[in-house]
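Participant: Have a look at the structure that comes next, please.
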Amino acid sequence: MANSGTGDSVVDRVVRVISAFPEGVTVLPLSELSDRAGLPLSTAHRLVRQLAGHGLLELGSGGSVRLGLRLWELVNRNSPTLALRQAAMPFMEDIQQVLNQNVNLAVLEGWEALFVERLSRRGSVANRAQIAGRMPVHVSSAGLALMANQPAPVQAEYLQQFHDPAGKVQPEELRTLLQETAAHGFAQLAGVVDPDTWGIAVPVRDTRNRTVAALGVVVPLREVRLQALVPALQTAARGIGRQLQGATAATAFHSAESV
């Protein structure tokens, strides 16, 4: 692919903007894509046309842009999270079968929880976590479970730069929440994203005891049974960790500690 002067970092920004669109929607008007990526409209249009020619993006009617099938295929086949997803799927299916609610798997990407897998079914509660979607650490139980189990320097850097755009959470409050999450062994957030749901997540550790993912559920607020949910999630997380031990791709997987 010719470089067109925009650089790989710009491509990454455009793809990230589309894949992180709210509510899991992967379609954006070209004008909004330009604004979100911080690009002139002409540059965004040229870049999108170039990527569309390789099947990485698709141009729709009315100037809309969506992820291309080839990009989705490449990501799923080559992502270092492939081994993690394969190891986690049987355990996630078991949890979903019992709860009949949403089950998700996330990794830490910068200061966000990136959701790499999600299971849901008809009748389950609303869940803002979408595959390839991102949520800030402080509004996601998965994000809290991930950050609370990172090394102290990583947490310190995160808290130093932390700012809640809504102005509801202060750094010291978040520090206390991370400490409580680490002490309890699980994260919980009630009614933060949706007022009627409760998110609960536990860390998934690799063979070196590094937290590489978070396994979580989203359940109705009125049906929370921590005494049953947390042990089930922790058992599943340990099982995923054991499966990762035998996965050859696990060595490509990393936590913030190894960066």
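Here, A, B, ... name the chains of the structure tokens in the order displayed, residue numbers run from 1 inside each chain, and ligands are numbered from 1 in the same displayed order.
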Select from range 86-163 of chain A every residue with an atom at most 8 Å from any atom of range 210-233 of chain A, then for each give the shortest pair of atoms and their distance in Å to one decimal, using only C-alpha atoms, rows by chain and rising number, as a Markdown table.

Facilitator:
```
| residue | atom | partner | partner_atom | distance |
| --- | --- | --- | --- | --- |
| A:Ile95 | CA | A:Ala232 | CA | 7.6 |
| A:Gln101 | CA | A:Val219 | CA | 6.1 |
| A:Asn102 | CA | A:Val218 | CA | 5.3 |
| A:Val103 | CA | A:Val217 | CA | 4.5 |
| A:Asn104 | CA | A:Gly216 | CA | 5.3 |
| A:Leu105 | CA | A:Leu215 | CA | 4.8 |
| A:Ala106 | CA | A:Ala214 | CA | 5.3 |
| A:Val107 | CA | A:Ala213 | CA | 4.5 |
| A:Leu108 | CA | A:Ala213 | CA | 7.0 |
| A:Ser124 | CA | A:Val219 | CA | 7.8 |
| A:Val125 | CA | A:Pro220 | CA | 6.3 |
| A:Asn127 | CA | A:Val218 | CA | 6.7 |
| A:Ser141 | CA | A:Gly216 | CA | 7.3 |
| A:Ala142 | CA | A:Ala214 | CA | 5.4 |
| A:Gly143 | CA | A:Ala214 | CA | 7.6 |
| A:Ala145 | CA | A:Ala214 | CA | 6.2 |
| A:Leu146 | CA | A:Ala214 | CA | 6.0 |
| A:Asn149 | CA | A:Thr211 | CA | 6.2 |
| A:Gln150 | CA | A:Thr211 | CA | 6.8 |
```

Participant: With C-alpha atoms retained, export the selected residues as a short mmCIF file (atom, residue, chain, number, x, y, z; two decimals), in the first residue's frame.

Facilitator:
```
data_model
loop_
_atom_site.label_atom_id
_atom_site.label_comp_id
_atom_site.auth_asym_id
_atom_site.auth_seq_id
_atom_site.Cartn_x
_atom_site.Cartn_y
_atom_site.Cartn_z
CA ILE A 95 -20.97 -18.92 32.66
CA GLN A 101 -26.69 -12.91 30.83
CA ASN A 102 -23.81 -11.03 29.18
CA VAL A 103 -20.26 -12.31 29.58
CA ASN A 104 -17.30 -10.32 28.33
CA LEU A 105 -13.52 -10.52 28.05
CA ALA A 106 -11.31 -7.42 28.00
CA VAL A 107 -7.65 -6.44 27.89
CA LEU A 108 -5.96 -3.21 28.95
CA SER A 124 -30.16 -10.39 28.65
CA VAL A 125 -29.77 -6.89 30.05
CA ASN A 127 -24.54 -4.11 27.78
CA SER A 141 -15.72 -3.21 36.03
CA ALA A 142 -13.37 -4.96 33.58
CA GLY A 143 -11.20 -1.84 33.41
CA ALA A 145 -10.12 -5.31 37.50
CA LEU A 146 -7.34 -4.82 34.98
CA ASN A 149 -3.85 -5.59 39.32
CA GLN A 150 -1.17 -3.73 37.39
#
```

Participant: What's the 8 Å shell around Val48 in chain A, counting only C-alpha atoms, without same-chain residues fewer than 3 positions away, as number ranges by chain?

Facilitator: A: 44-45, 51-52, 57, 59, 65

Participant: Grab the residues selected above and save them as an mmCIF file, in the first residue's frame with C-alpha atoms.

Facilitator:
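Below you can see again08.cif, which holds the result:
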```
data_model
loop_
_atom_site.group_PDB
_atom_site.id
_atom_site.type_symbol
_atom_site.label_atom_id
_atom_site.label_comp_id
_atom_site.auth_asym_id
_atom_site.auth_seq_id
_atom_site.Cartn_x
_atom_site.Cartn_y
_atom_site.Cartn_z
ATOM 1 C CA ALA A 44 -9.757 11.593 5.274
ATOM 2 C CA HIS A 45 -11.515 10.999 1.958
ATOM 3 C CA LEU A 51 -7.998 1.639 2.420
ATOM 4 C CA ALA A 52 -11.275 0.713 0.718
ATOM 5 C CA LEU A 57 -12.741 -0.130 4.814
ATOM 6 C CA LEU A 59 -17.640 3.178 1.422
ATOM 7 C CA VAL A 65 -17.629 4.557 6.093
#
```

Participant: Have a look at CA of Lys168 in chain A and CA of Phe115 in chain A and let me know their distance in Å, one decimal.

Facilitator: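 Distance between the two atoms: 23.9 Å.
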
Participant: Could you pull the residues within 8 Å of range 154-165 of chain A, counting only C-alpha atoms, minus those fewer than 4 positions along the same chain, as a list in words?

Facilitator: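 Here the qualifying residues turn out to be Trp111, Met147, Ala148, Gln150, Val169, Gln170, Pro171, Leu174, Arg175, Ala256 and Glu257 of chain A.
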
Participant: Can I get the selected residues back with all heavy atoms, as a PDB file, in the first residue's frame?

Facilitator:
```pdb
ATOM      1  N   TRP A 111      -5.222   3.474  28.564  1.00  0.00           N
ATOM      2  CA  TRP A 111      -6.034   3.723  29.758  1.00  0.00           C
ATOM      3  C   TRP A 111      -7.486   3.337  29.519  1.00  0.00           C
ATOM      4  O   TRP A 111      -8.393   3.891  30.114  1.00  0.00           O
ATOM      5  CB  TRP A 111      -5.936   5.184  30.178  1.00  0.00           C
ATOM      6  CG  TRP A 111      -4.538   5.694  30.331  1.00  0.00           C
ATOM      7  CD1 TRP A 111      -4.034   6.858  29.825  1.00  0.00           C
ATOM      8  CD2 TRP A 111      -3.451   5.088  31.046  1.00  0.00           C
ATOM      9  NE1 TRP A 111      -2.723   7.012  30.170  1.00  0.00           N
ATOM     10  CE2 TRP A 111      -2.328   5.939  30.926  1.00  0.00           C
ATOM     11  CE3 TRP A 111      -3.308   3.899  31.769  1.00  0.00           C
ATOM     12  CZ2 TRP A 111      -1.094   5.661  31.498  1.00  0.00           C
ATOM     13  CZ3 TRP A 111      -2.071   3.606  32.330  1.00  0.00           C
ATOM     14  CH2 TRP A 111      -0.998   4.468  32.202  1.00  0.00           C
ATOM     15  N   MET A 147      -6.785  -2.615  35.855  1.00  0.00           N
ATOM     16  CA  MET A 147      -5.876  -1.611  36.398  1.00  0.00           C
ATOM     17  C   MET A 147      -5.502  -1.887  37.846  1.00  0.00           C
ATOM     18  O   MET A 147      -4.358  -1.647  38.259  1.00  0.00           O
ATOM     19  CB  MET A 147      -6.513  -0.222  36.279  1.00  0.00           C
ATOM     20  CG  MET A 147      -5.607   0.920  36.729  1.00  0.00           C
ATOM     21  SD  MET A 147      -4.013   0.986  35.841  1.00  0.00           S
ATOM     22  CE  MET A 147      -4.589   1.430  34.197  1.00  0.00           C
ATOM     23  N   ALA A 148      -6.427  -2.413  38.640  1.00  0.00           N
ATOM     24  CA  ALA A 148      -6.153  -2.670  40.054  1.00  0.00           C
ATOM     25  C   ALA A 148      -5.081  -3.729  40.244  1.00  0.00           C
ATOM     26  O   ALA A 148      -4.483  -3.817  41.321  1.00  0.00           O
ATOM     27  CB  ALA A 148      -7.433  -3.109  40.766  1.00  0.00           C
ATOM     28  N   GLN A 150      -2.391  -4.110  38.080  1.00  0.00           N
ATOM     29  CA  GLN A 150      -1.166  -3.733  37.391  1.00  0.00           C
ATOM     30  C   GLN A 150      -0.118  -3.286  38.412  1.00  0.00           C
ATOM     31  O   GLN A 150      -0.451  -2.938  39.551  1.00  0.00           O
ATOM     32  CB  GLN A 150      -1.443  -2.618  36.389  1.00  0.00           C
ATOM     33  CG  GLN A 150      -2.410  -2.988  35.277  1.00  0.00           C
ATOM     34  CD  GLN A 150      -1.934  -4.162  34.446  1.00  0.00           C
ATOM     35  OE1 GLN A 150      -0.735  -4.325  34.204  1.00  0.00           O
ATOM     36  NE2 GLN A 150      -2.880  -5.000  34.017  1.00  0.00           N
ATOM     37  N   VAL A 169     -15.819  11.693  39.233  1.00  0.00           N
ATOM     38  CA  VAL A 169     -14.838  10.867  39.939  1.00  0.00           C
ATOM     39  C   VAL A 169     -13.520  11.628  40.041  1.00  0.00           C
ATOM     40  O   VAL A 169     -12.989  12.101  39.032  1.00  0.00           O
ATOM     41  CB  VAL A 169     -14.613   9.530  39.204  1.00  0.00           C
ATOM     42  CG1 VAL A 169     -13.585   8.684  39.953  1.00  0.00           C
ATOM     43  CG2 VAL A 169     -15.924   8.772  39.050  1.00  0.00           C
ATOM     44  N   GLN A 170     -13.001  11.749  41.264  1.00  0.00           N
ATOM     45  CA  GLN A 170     -11.724  12.392  41.503  1.00  0.00           C
ATOM     46  C   GLN A 170     -10.622  11.340  41.616  1.00  0.00           C
ATOM     47  O   GLN A 170     -10.890  10.186  41.964  1.00  0.00           O
ATOM     48  CB  GLN A 170     -11.783  13.223  42.788  1.00  0.00           C
ATOM     49  CG  GLN A 170     -12.823  14.332  42.750  1.00  0.00           C
ATOM     50  CD  GLN A 170     -12.606  15.286  41.599  1.00  0.00           C
ATOM     51  OE1 GLN A 170     -11.477  15.717  41.326  1.00  0.00           O
ATOM     52  NE2 GLN A 170     -13.689  15.630  40.887  1.00  0.00           N
ATOM     53  N   PRO A 171      -9.364  11.717  41.329  1.00  0.00           N
ATOM     54  CA  PRO A 171      -8.266  10.744  41.385  1.00  0.00           C
ATOM     55  C   PRO A 171      -8.169   9.991  42.699  1.00  0.00           C
ATOM     56  O   PRO A 171      -7.911   8.780  42.712  1.00  0.00           O
ATOM     57  CB  PRO A 171      -7.026  11.610  41.127  1.00  0.00           C
ATOM     58  CG  PRO A 171      -7.529  12.735  40.281  1.00  0.00           C
ATOM     59  CD  PRO A 171      -8.915  13.018  40.811  1.00  0.00           C
ATOM     60  N   LEU A 174     -10.780   7.334  42.895  1.00  0.00           N
ATOM     61  CA  LEU A 174     -10.431   6.224  42.022  1.00  0.00           C
ATOM     62  C   LEU A 174      -9.308   5.388  42.617  1.00  0.00           C
ATOM     63  O   LEU A 174      -9.321   4.154  42.520  1.00  0.00           O
ATOM     64  CB  LEU A 174     -10.017   6.759  40.646  1.00  0.00           C
ATOM     65  CG  LEU A 174      -9.684   5.723  39.582  1.00  0.00           C
ATOM     66  CD1 LEU A 174     -10.833   4.736  39.386  1.00  0.00           C
ATOM     67  CD2 LEU A 174      -9.352   6.411  38.259  1.00  0.00           C
ATOM     68  N   ARG A 175      -8.349   6.047  43.279  1.00  0.00           N
ATOM     69  CA  ARG A 175      -7.267   5.311  43.936  1.00  0.00           C
ATOM     70  C   ARG A 175      -7.829   4.362  44.992  1.00  0.00           C
ATOM     71  O   ARG A 175      -7.431   3.195  45.084  1.00  0.00           O
ATOM     72  CB  ARG A 175      -6.284   6.297  44.573  1.00  0.00           C
ATOM     73  CG  ARG A 175      -5.045   5.623  45.171  1.00  0.00           C
ATOM     74  CD  ARG A 175      -4.233   6.628  45.983  1.00  0.00           C
ATOM     75  NE  ARG A 175      -3.888   7.792  45.189  1.00  0.00           N
ATOM     76  CZ  ARG A 175      -2.833   7.856  44.390  1.00  0.00           C
ATOM     77  NH1 ARG A 175      -2.026   6.810  44.285  1.00  0.00           N
ATOM     78  NH2 ARG A 175      -2.590   8.963  43.704  1.00  0.00           N
ATOM     79  N   ALA A 256       0.479  -4.675  31.007  1.00  0.00           N
ATOM     80  CA  ALA A 256       1.158  -3.368  31.058  1.00  0.00           C
ATOM     81  C   ALA A 256       2.526  -3.493  31.722  1.00  0.00           C
ATOM     82  O   ALA A 256       3.423  -2.706  31.468  1.00  0.00           O
ATOM     83  CB  ALA A 256       0.280  -2.358  31.805  1.00  0.00           C
ATOM     84  N   GLU A 257       2.700  -4.507  32.562  1.00  0.00           N
ATOM     85  CA  GLU A 257       3.960  -4.698  33.263  1.00  0.00           C
ATOM     86  C   GLU A 257       5.111  -4.995  32.314  1.00  0.00           C
ATOM     87  O   GLU A 257       6.261  -4.659  32.584  1.00  0.00           O
ATOM     88  CB  GLU A 257       3.812  -5.845  34.274  1.00  0.00           C
ATOM     89  CG  GLU A 257       5.043  -6.102  35.117  1.00  0.00           C
ATOM     90  CD  GLU A 257       4.803  -7.181  36.137  1.00  0.00           C
ATOM     91  OE1 GLU A 257       3.707  -7.778  36.129  1.00  0.00           O
ATOM     92  OE2 GLU A 257       5.706  -7.433  36.946  1.00  0.00           O
TER      93      GLU A 257
END
```

Participant: Residues of range 58-172 of chain A classed as strand (DSSP E) by DSSP on the backbone are to be reported as number ranges by chain.

Facilitator: A: 58-59, 64-67, 102-109, 112-119, 134-136

Participant: From a backbone DSSP assignment, name each residue in range 12-212 of chain A labelled helix (DSSP H, G or I), as number ranges by chain.

Facilitator: A: 12-19, 22-24, 30-37, 41-52, 61-63, 69-78, 82-99, 137-139, 141-147, 152-161, 171-184

Participant: In Å, rounded to a single decimal, give me how far CA of His138 in chain A is from CA of Leu177 in chain A.

Facilitator: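 Straight-line distance from CA of Leu177 in chain A to CA of His138 in chain A works out to 9.1 Å.
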
Participant: Quick one: residues within 9 Å of Ala237 in chain A, only C-alpha atoms, excluding same-chain residues fewer than 5 positions away - as a PDB file with N, CA and C atoms, in the first residue's frame?

Facilitator:
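This went into around_32.pdb:
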```pdb
ATOM      1  N   ALA A  88     -10.538 -18.718  26.495  1.00  0.00           N
ATOM      2  CA  ALA A  88     -11.633 -18.231  27.329  1.00  0.00           C
ATOM      3  C   ALA A  88     -13.005 -18.713  26.889  1.00  0.00           C
ATOM      4  N   PHE A  91     -15.117 -21.394  28.852  1.00  0.00           N
ATOM      5  CA  PHE A  91     -15.474 -20.935  30.197  1.00  0.00           C
ATOM      6  C   PHE A  91     -16.549 -19.850  30.128  1.00  0.00           C
ATOM      7  N   VAL A 202     -13.317 -10.052  37.184  1.00  0.00           N
ATOM      8  CA  VAL A 202     -12.161 -10.572  37.916  1.00  0.00           C
ATOM      9  C   VAL A 202     -10.964 -10.610  36.978  1.00  0.00           C
ATOM     10  N   PRO A 203      -9.751 -10.552  37.524  1.00  0.00           N
ATOM     11  CA  PRO A 203      -8.564 -10.589  36.678  1.00  0.00           C
ATOM     12  C   PRO A 203      -8.271 -12.008  36.171  1.00  0.00           C
ATOM     13  N   VAL A 204      -7.701 -12.078  34.989  1.00  0.00           N
ATOM     14  CA  VAL A 204      -7.188 -13.329  34.420  1.00  0.00           C
ATOM     15  C   VAL A 204      -5.670 -13.212  34.404  1.00  0.00           C
ATOM     16  N   ARG A 205      -4.993 -14.132  35.035  1.00  0.00           N
ATOM     17  CA  ARG A 205      -3.534 -14.063  35.153  1.00  0.00           C
ATOM     18  C   ARG A 205      -2.861 -15.149  34.324  1.00  0.00           C
ATOM     19  N   ALA A 214      -9.421  -9.402  31.793  1.00  0.00           N
ATOM     20  CA  ALA A 214     -10.471  -9.393  32.811  1.00  0.00           C
ATOM     21  C   ALA A 214     -11.680 -10.128  32.260  1.00  0.00           C
ATOM     22  N   LEU A 215     -12.253 -10.988  33.066  1.00  0.00           N
ATOM     23  CA  LEU A 215     -13.458 -11.728  32.719  1.00  0.00           C
ATOM     24  C   LEU A 215     -14.608 -11.133  33.519  1.00  0.00           C
ATOM     25  N   ALA A 232     -17.598 -18.157  40.847  1.00  0.00           N
ATOM     26  CA  ALA A 232     -17.723 -18.757  39.514  1.00  0.00           C
ATOM     27  C   ALA A 232     -16.792 -18.068  38.523  1.00  0.00           C
ATOM     28  N   ARG A 242      -4.837 -21.433  33.023  1.00  0.00           N
ATOM     29  CA  ARG A 242      -4.211 -22.744  32.790  1.00  0.00           C
ATOM     30  C   ARG A 242      -4.187 -23.079  31.303  1.00  0.00           C
TER      31      ARG A 242
END
```
